[in-house]
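First comes the structure, then the notes that go with it.
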Amino acid sequence: MNWGTELWDQYDNLSAHTQKGIEFLDKYGNFVKERCAIELEYAGKLRRLVKNYQPKRKEEDEYQYTSCKAFRQLLQELGDFAGQREVVAENLQSNVVRELHLLAKELREERKQHLNEGAKQMAVLNSAIGSLDRARRAYERAARESERALEAFQRADADLNLSRAEVEKQKANMKLRSQACEDAKHEYADQLRKTNEAQRQHYEQRLPHVFKQLQDLDEKRIKHIKNFMLSSVEVERKVFPIIKQCLDGMEHAANSINEKEDTQLVIDRYKSGFVPPEDFPFEEQRAGADTTDAAAAAHHHHAQLTVRGTVSGNRIKKRGGLLSIFSSNKNNMSTDGKEDYSDLPPNQKKKKLQAKVHELNKQVAQEQAAMEGLMKMKGVYETNPTLGDPMTVEGQLNECCDKLKKLRAQLRKFEELLAEANSQVCAAPLNPAARTNGAAPAPQHPTSIGSNSGSLSRSASESSVSTGTGAGAGGGSVCGAGGRAAGGSPESGLGGELAAAHAEANGDHDNDHESDFDYYYEPDLQPLGYCKALYPFEANGTGSTMRMECGERLLVLETDAGDGWTRVRRQLTREEGFVPTTYIATTLYADAAH
C-alpha cells in the first residue's frame with residue numbers, strides 16, 4: 001500500500017486529507033483538555049461536598065452511632081477518590097495534552113514542507129508540458145507555412161506568364177519553409193522526449209516520494225492518536241487500585257453499620273436508671289374531707305390571685321433580694337454542680353463519672369511519665385554537670401509535682417463520687433418526669449436559689465393558707481439497690497447556707513415584723529398533695545432543707561417554682577423543709593392540680 005502508486009493522481013485529495021487529519025488531532029487534543037477540566041471540576045465539587053457534610057462540632061455526640069461513623073468514613077474515602085480524579089487530570093494534562101500540542105505543531109510543519117516539495121515537482125512537470133505545447137504549436141505553424149510555400153512554388157512553376165526569376169524566388173521560399181518545418185519538427189520531437197521523461201520521473205519517482213512522506217506523516221499522526229488513547233487508559237488504570245481501595249473502604253463502612261449496636265447506644269445514652277411509676281392509689285372520699293378540700297382549693301386559688309398585684313407580691317420579690325447571699329458564689333457552685341454531674345439521672349451520672357475517672361487516670365499517667373523523665377534528666381545532670389545544670393530541671397519538677405497533686409486530688413474526688421454512685425442503696429426509682437403533677441425540671445444548684453424570687457417561700461399568700469388535714473395516703477416503698485447515694489445529690493453544701501439565711505432572717509424578724517421570713521415560717525400550711533421519696537437525702541446543717549429516707553411519704557406544702565426544690569412536711573413530727581424535686585414522686589390533690 002503506497003499512496004505514490006495507488007493515488008498518483010490524487011494530489012489535491014491527499015493534501016486535503018492530511019489537513020483534516022491534523023485538524024482531527026487538534027480536536028482530540030481539545031477533547032482531552034476539556035476532560036481534564038471536567039475531572040478537576042468534578043474533584044473540586046466532590047471535595048466541597050465532603051467539606052460541607054463534615055460533622056460540625058456540635059454534632060460530634062451524634063457521630064458515635066455506627067451509621068454516622070460509617071458516613072464519616074464514606075466522606076473520607078470520597079475525599080481520597082476525589083484526589084485520584086485530580087491525579088488523572090494532572091497525568092492527562094502532562095502526558096497527553098502537552099504531547100498532543102507538540103505533535104500537532106510538528107505535523108503541520110512537516111506537511112507544509114512536503115506540500116511545498118510536491119508543488120515544486122508539479123511546477124517542473126507543468127513547465128515541461130508548457131515547453132512541449134509551445135514546440136508543438138511552432139511545428140504546426142512551420143508545417144503550414146511550408147505547405148503554403150510549396151503550393152505557391154507549384155503555382156508559379158505552372159504559370160508561363162511568370163518570369164524565371166519569380167519562379168526561382170518561390171522555389172527558394174519553398175526550400176526555406178521546408179527547412180524551418182524540419183527544424184521545428186526536430187525541436188518538437190526533442191521537447192516531446194524531454195517532457196515525457198519529466199512526466200515519467202514525476203509520476204514514478206518524484207511525486208510518489210512526496211506522497212510517501214505524506215503517507216508517513218499521516219500514519220505517524222494515527223499511531224500517536226492510538227498511543228495517546230492507550231496512555232489515557234493507562235492513566236486511568238494506574239489509579240484503579242487506589243479507587244478500588246476507596247470503594248472497598250466505602251463498602252466496609254457500610255457493612256460496619258449495626259442497627260442493634262446503635263439501638264444499644266441510644267439506650268446507653270438516654271437511659272436514666274428510673275423505672276416506670278406505680279399505679280395510682282385509690283383515694284377514699286369522705287364528706288368532711290370534700291368540704292375541707294374545697295375550702296382549701298378556694299383559699300389556695302385566692303392566694304395565687306393575691307400574689308399578682310398586692311403588697312404580698314412585692315414582698316416575695318423582696319425576699320429574693322434578701323437571699324442574694326446564695327448567689328455570691330454562684331459561678332463556683334454552678335461549676336461544682338456541673339462537674340459532679342449531680343443534675344443527671346443515676347445511669348447517666350455513673351457513665352459521666354466513669355469517663356471522667358478514666359480521663360484523669362490518663363492525665364495522671366502522663367504526668368508521672370513526665371516526672372520520671374525529669375528525674376532521670378536531673379540524675380544525668382548531677383552525674384555529669386557538663387551536660388547541664390540540675391537546678392534548671394528543679395522548677396519543672398516542682399510544677400509537675402504540683403500538677404500531679406491536683407490531678408490526684410481530682411481523681412480521688414471523682415473516684416469517691418463514682419463509688420457512691422455504684423453503691424446506691426435505693427432500687428431503681430420512679431421516673432420524676434412521669435409523676436402525676438407533670439414533668440419536673442432538674443433541681444437547680446443551690447446557688448441559683450437566690451436568683452429566683454420566692455425561692456424559699458413561693459408566695460406570702462400561699463404561706464397564709466388556713467390549716468387543714470393532710471390526706472396523703474399511698475402504697476409502699478419503691479426503693480432498693482438502684483437509687484442515688486445521698487453524697488452525690490445536687491444539694492451538697494446547701495444546708496449551711498440555708499441555716500445562715502435562717503439565722504439572719506430570725507434576727508431581722510426581731511427588728512422588722514414585715515420581714516420576708518414572717519411569710520416563710522407561718523405555721524400549718526394547707527397540704528397540696530403528697531410525695532414519696534425516691535432517694536435518701538441528707539440535709540447539710542440545720543437550715544431550711546430537710547432530711548428524708550428513701551420511700552418515706554411526706555406532705556407537699558409548696559410545689560417546685562422552677563428552682564428545683566419542693567417544700568414538704570413530715571406527717572408525724574410536722575417537721576418542714578425543702579427537698580430536691582427530682583428526689584421525690586409527687587401526687588397533687590385534684591383541686592391543687594387545677
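In the C-alpha cells, chains take the letters A, B, ... in the order shown, each chain's residues start at 1, and ligands count up from 1 in the order shown.
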
Polymer residues at most 9 Å from range 404-413 of chain A, only C-alpha atoms, same-chain spacing of 5 or more positions, as number ranges by chain:
A: 356-357, 360-361, 363-364, 367-368, 371, 399, 418

Convert the current residue selection to file output with all heavy atoms, as a compact mmCIF listing (two decimals), in the first residue's frame.
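As a result, part.txt now contains:
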# COMPACT_ATOMS: atom_id res chain seq x y z
N LYS A 356 -14.90 10.45 83.35
CA LYS A 356 -14.04 11.45 83.99
C LYS A 356 -12.89 10.77 84.72
O LYS A 356 -11.74 11.23 84.64
CB LYS A 356 -14.88 12.28 84.97
CG LYS A 356 -14.12 13.45 85.58
CD LYS A 356 -13.80 14.51 84.55
CE LYS A 356 -13.16 15.74 85.18
NZ LYS A 356 -12.83 16.76 84.18
N VAL A 357 -13.17 9.68 85.42
CA VAL A 357 -12.11 8.95 86.13
C VAL A 357 -11.10 8.39 85.13
O VAL A 357 -9.87 8.46 85.36
CB VAL A 357 -12.73 7.83 86.98
CG1 VAL A 357 -11.65 6.89 87.51
CG2 VAL A 357 -13.50 8.42 88.16
N LEU A 360 -8.93 11.27 83.93
CA LEU A 360 -7.97 11.71 84.95
C LEU A 360 -6.87 10.69 85.13
O LEU A 360 -5.70 11.06 85.38
CB LEU A 360 -8.71 11.95 86.28
CG LEU A 360 -9.61 13.19 86.31
CD1 LEU A 360 -10.41 13.23 87.60
CD2 LEU A 360 -8.77 14.46 86.20
N ASN A 361 -7.17 9.40 85.05
CA ASN A 361 -6.13 8.38 85.15
C ASN A 361 -5.11 8.53 84.03
O ASN A 361 -3.90 8.39 84.26
CB ASN A 361 -6.77 6.98 85.08
CG ASN A 361 -7.29 6.53 86.44
OD1 ASN A 361 -6.67 6.80 87.48
ND2 ASN A 361 -8.43 5.85 86.46
N GLN A 363 -4.36 11.34 82.47
CA GLN A 363 -3.58 12.54 82.74
C GLN A 363 -2.55 12.29 83.84
O GLN A 363 -1.41 12.76 83.76
CB GLN A 363 -4.51 13.68 83.13
CG GLN A 363 -5.43 14.15 82.00
CD GLN A 363 -6.33 15.28 82.42
OE1 GLN A 363 -6.21 15.80 83.53
NE2 GLN A 363 -7.26 15.66 81.55
N VAL A 364 -2.96 11.54 84.88
CA VAL A 364 -2.02 11.22 85.96
C VAL A 364 -0.86 10.39 85.42
O VAL A 364 0.31 10.62 85.76
CB VAL A 364 -2.76 10.48 87.10
CG1 VAL A 364 -1.76 9.87 88.09
CG2 VAL A 364 -3.68 11.43 87.83
N GLU A 367 1.51 12.65 83.51
CA GLU A 367 2.31 13.49 84.40
C GLU A 367 3.37 12.66 85.12
O GLU A 367 4.50 13.12 85.34
CB GLU A 367 1.41 14.20 85.40
CG GLU A 367 0.55 15.30 84.79
CD GLU A 367 1.39 16.40 84.16
OE1 GLU A 367 2.47 16.71 84.71
OE2 GLU A 367 0.98 16.93 83.12
N GLN A 368 3.02 11.43 85.51
CA GLN A 368 4.01 10.57 86.16
C GLN A 368 5.15 10.25 85.20
O GLN A 368 6.32 10.26 85.61
CB GLN A 368 3.32 9.28 86.62
CG GLN A 368 2.44 9.45 87.85
CD GLN A 368 1.73 8.18 88.24
OE1 GLN A 368 1.64 7.25 87.45
NE2 GLN A 368 1.24 8.13 89.47
N MET A 371 7.30 13.27 84.97
CA MET A 371 8.11 13.45 86.18
C MET A 371 9.28 12.47 86.20
O MET A 371 10.41 12.83 86.57
CB MET A 371 7.24 13.27 87.42
CG MET A 371 8.01 13.41 88.72
SD MET A 371 6.95 13.39 90.16
CE MET A 371 6.26 15.02 90.06
N GLU A 399 6.74 22.18 89.32
CA GLU A 399 5.47 22.39 88.61
C GLU A 399 4.77 21.07 88.32
O GLU A 399 3.56 20.93 88.49
CB GLU A 399 5.74 23.15 87.30
CG GLU A 399 6.20 24.57 87.49
CD GLU A 399 6.48 25.26 86.16
OE1 GLU A 399 6.25 24.62 85.11
OE2 GLU A 399 6.93 26.42 86.17
N LEU A 418 -17.85 8.27 92.15
CA LEU A 418 -18.21 7.08 91.40
C LEU A 418 -18.54 5.92 92.34
O LEU A 418 -19.48 5.15 92.08
CB LEU A 418 -17.05 6.69 90.47
CG LEU A 418 -17.25 5.44 89.60
CD1 LEU A 418 -18.47 5.63 88.69
CD2 LEU A 418 -16.00 5.16 88.77

What's the 8 Å shell around Val88 in chain A, counting only C-alpha atoms, without same-chain residues fewer than 2 positions away, as a PyMOL selection string?
chain A and resi 36+39+84-86+90-92+235-236+239

Distance of CA of Leu25 in chain A from CA of Arg221 in chain A, expressed in Å to one decimal place
7.4 Å

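For the set A:Leu74, A:Glu110, A:Glu359, A:Val96, the residue with the smallest atom-to-atom gap to Leu214 in chain A is A:Glu110, counting only C-alpha atoms.
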
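In terms of minimum interatomic distance to Ala421 in chain A, A:Gln354 ranks closest within A:Thr386, A:Gln354, A:Ser131, A:Gln264, counting only C-alpha atoms.
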
Non-local contacts of Pro55 in chain A (10 Å; only C-alpha atoms; under 5 positions in same chain excluded) as a list in words:
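The neighbour list is Val50, Glu60, Asp61, Glu62, Tyr63, Cys68, Phe71 and Arg72 of chain A.
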
Kindly export the residues of the current selection with all heavy atoms, as a PDB file, in the first residue's frame.
ATOM      1  N   VAL A  50     -17.706  16.944  50.329  1.00  0.00           N
ATOM      2  CA  VAL A  50     -17.198  16.287  51.547  1.00  0.00           C
ATOM      3  C   VAL A  50     -17.039  17.302  52.674  1.00  0.00           C
ATOM      4  O   VAL A  50     -17.397  17.046  53.823  1.00  0.00           O
ATOM      5  CB  VAL A  50     -15.854  15.592  51.238  1.00  0.00           C
ATOM      6  CG1 VAL A  50     -15.187  15.119  52.520  1.00  0.00           C
ATOM      7  CG2 VAL A  50     -16.067  14.420  50.291  1.00  0.00           C
ATOM      8  N   GLU A  60     -20.818  16.327  67.123  1.00  0.00           N
ATOM      9  CA  GLU A  60     -19.873  15.262  67.419  1.00  0.00           C
ATOM     10  C   GLU A  60     -20.513  14.147  68.239  1.00  0.00           C
ATOM     11  O   GLU A  60     -20.208  12.963  68.042  1.00  0.00           O
ATOM     12  CB  GLU A  60     -18.656  15.826  68.181  1.00  0.00           C
ATOM     13  CG  GLU A  60     -17.712  16.636  67.323  1.00  0.00           C
ATOM     14  CD  GLU A  60     -17.024  15.810  66.264  1.00  0.00           C
ATOM     15  OE1 GLU A  60     -16.866  14.596  66.474  1.00  0.00           O
ATOM     16  OE2 GLU A  60     -16.654  16.370  65.228  1.00  0.00           O
ATOM     17  N   ASP A  61     -21.410  14.501  69.176  1.00  0.00           N
ATOM     18  CA  ASP A  61     -22.042  13.472  70.006  1.00  0.00           C
ATOM     19  C   ASP A  61     -22.881  12.520  69.173  1.00  0.00           C
ATOM     20  O   ASP A  61     -23.013  11.332  69.514  1.00  0.00           O
ATOM     21  CB  ASP A  61     -22.912  14.124  71.088  1.00  0.00           C
ATOM     22  CG  ASP A  61     -22.079  14.851  72.131  1.00  0.00           C
ATOM     23  OD1 ASP A  61     -20.871  14.554  72.200  1.00  0.00           O
ATOM     24  OD2 ASP A  61     -22.623  15.712  72.844  1.00  0.00           O
ATOM     25  N   GLU A  62     -23.468  13.015  68.080  1.00  0.00           N
ATOM     26  CA  GLU A  62     -24.317  12.163  67.257  1.00  0.00           C
ATOM     27  C   GLU A  62     -23.501  11.161  66.443  1.00  0.00           C
ATOM     28  O   GLU A  62     -24.038  10.159  65.975  1.00  0.00           O
ATOM     29  CB  GLU A  62     -25.154  13.025  66.302  1.00  0.00           C
ATOM     30  CG  GLU A  62     -26.110  13.978  67.001  1.00  0.00           C
ATOM     31  CD  GLU A  62     -27.172  13.244  67.802  1.00  0.00           C
ATOM     32  OE1 GLU A  62     -27.549  12.135  67.407  1.00  0.00           O
ATOM     33  OE2 GLU A  62     -27.611  13.802  68.831  1.00  0.00           O
ATOM     34  N   TYR A  63     -22.203  11.422  66.272  1.00  0.00           N
ATOM     35  CA  TYR A  63     -21.385  10.573  65.418  1.00  0.00           C
ATOM     36  C   TYR A  63     -20.755   9.421  66.183  1.00  0.00           C
ATOM     37  O   TYR A  63     -19.734   8.884  65.784  1.00  0.00           O
ATOM     38  CB  TYR A  63     -20.309  11.409  64.722  1.00  0.00           C
ATOM     39  CG  TYR A  63     -20.830  12.059  63.471  1.00  0.00           C
ATOM     40  CD1 TYR A  63     -21.633  13.188  63.544  1.00  0.00           C
ATOM     41  CD2 TYR A  63     -20.565  11.530  62.229  1.00  0.00           C
ATOM     42  CE1 TYR A  63     -22.148  13.779  62.401  1.00  0.00           C
ATOM     43  CE2 TYR A  63     -21.061  12.119  61.073  1.00  0.00           C
ATOM     44  CZ  TYR A  63     -21.850  13.245  61.179  1.00  0.00           C
ATOM     45  OH  TYR A  63     -22.349  13.822  60.040  1.00  0.00           O
ATOM     46  N   CYS A  68     -23.508   6.856  61.625  1.00  0.00           N
ATOM     47  CA  CYS A  68     -22.824   8.145  61.488  1.00  0.00           C
ATOM     48  C   CYS A  68     -21.321   7.940  61.292  1.00  0.00           C
ATOM     49  O   CYS A  68     -20.692   8.654  60.501  1.00  0.00           O
ATOM     50  CB  CYS A  68     -23.089   9.013  62.721  1.00  0.00           C
ATOM     51  SG  CYS A  68     -24.826   9.448  62.935  1.00  0.00           S
ATOM     52  N   PHE A  71     -20.834   6.966  57.774  1.00  0.00           N
ATOM     53  CA  PHE A  71     -20.951   8.122  56.881  1.00  0.00           C
ATOM     54  C   PHE A  71     -19.680   8.957  56.910  1.00  0.00           C
ATOM     55  O   PHE A  71     -19.214   9.433  55.868  1.00  0.00           O
ATOM     56  CB  PHE A  71     -22.155   8.959  57.303  1.00  0.00           C
ATOM     57  CG  PHE A  71     -22.352  10.185  56.455  1.00  0.00           C
ATOM     58  CD1 PHE A  71     -22.619  10.073  55.101  1.00  0.00           C
ATOM     59  CD2 PHE A  71     -22.257  11.453  57.005  1.00  0.00           C
ATOM     60  CE1 PHE A  71     -22.799  11.204  54.311  1.00  0.00           C
ATOM     61  CE2 PHE A  71     -22.438  12.585  56.225  1.00  0.00           C
ATOM     62  CZ  PHE A  71     -22.699  12.452  54.874  1.00  0.00           C
ATOM     63  N   ARG A  72     -19.099   9.134  58.091  1.00  0.00           N
ATOM     64  CA  ARG A  72     -17.841   9.884  58.176  1.00  0.00           C
ATOM     65  C   ARG A  72     -16.734   9.160  57.405  1.00  0.00           C
ATOM     66  O   ARG A  72     -15.945   9.791  56.690  1.00  0.00           O
ATOM     67  CB  ARG A  72     -17.453  10.056  59.645  1.00  0.00           C
ATOM     68  CG  ARG A  72     -16.095  10.698  59.839  1.00  0.00           C
ATOM     69  CD  ARG A  72     -15.732  10.790  61.305  1.00  0.00           C
ATOM     70  NE  ARG A  72     -16.417  11.891  61.954  1.00  0.00           N
ATOM     71  CZ  ARG A  72     -16.310  12.156  63.260  1.00  0.00           C
ATOM     72  NH1 ARG A  72     -15.556  11.383  64.019  1.00  0.00           N
ATOM     73  NH2 ARG A  72     -16.947  13.182  63.786  1.00  0.00           N
TER      74      ARG A  72
END

Distance in Å - CA of Val380 in chain A versus CA of Glu394 in chain A:
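If I compute the distance from CA of Val380 in chain A to CA of Glu394 in chain A, I get 13.1 Å.
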
List as a count of residues only the protein and nucleic acid residues near Asp560 in chain A, meaning an atom at most 7 Å away when only C-alpha atoms are counted, but skip any in the same chain fewer than 5 places from it.
3

Using only C-alpha atoms for the distances, tell me which of A:Cys246, A:Leu107, A:Leu46, A:Met122 is nearest to Tyr11 in chain A.
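When distances to Tyr11 in chain A are compared using only C-alpha atoms, the smallest one comes from A:Met122.
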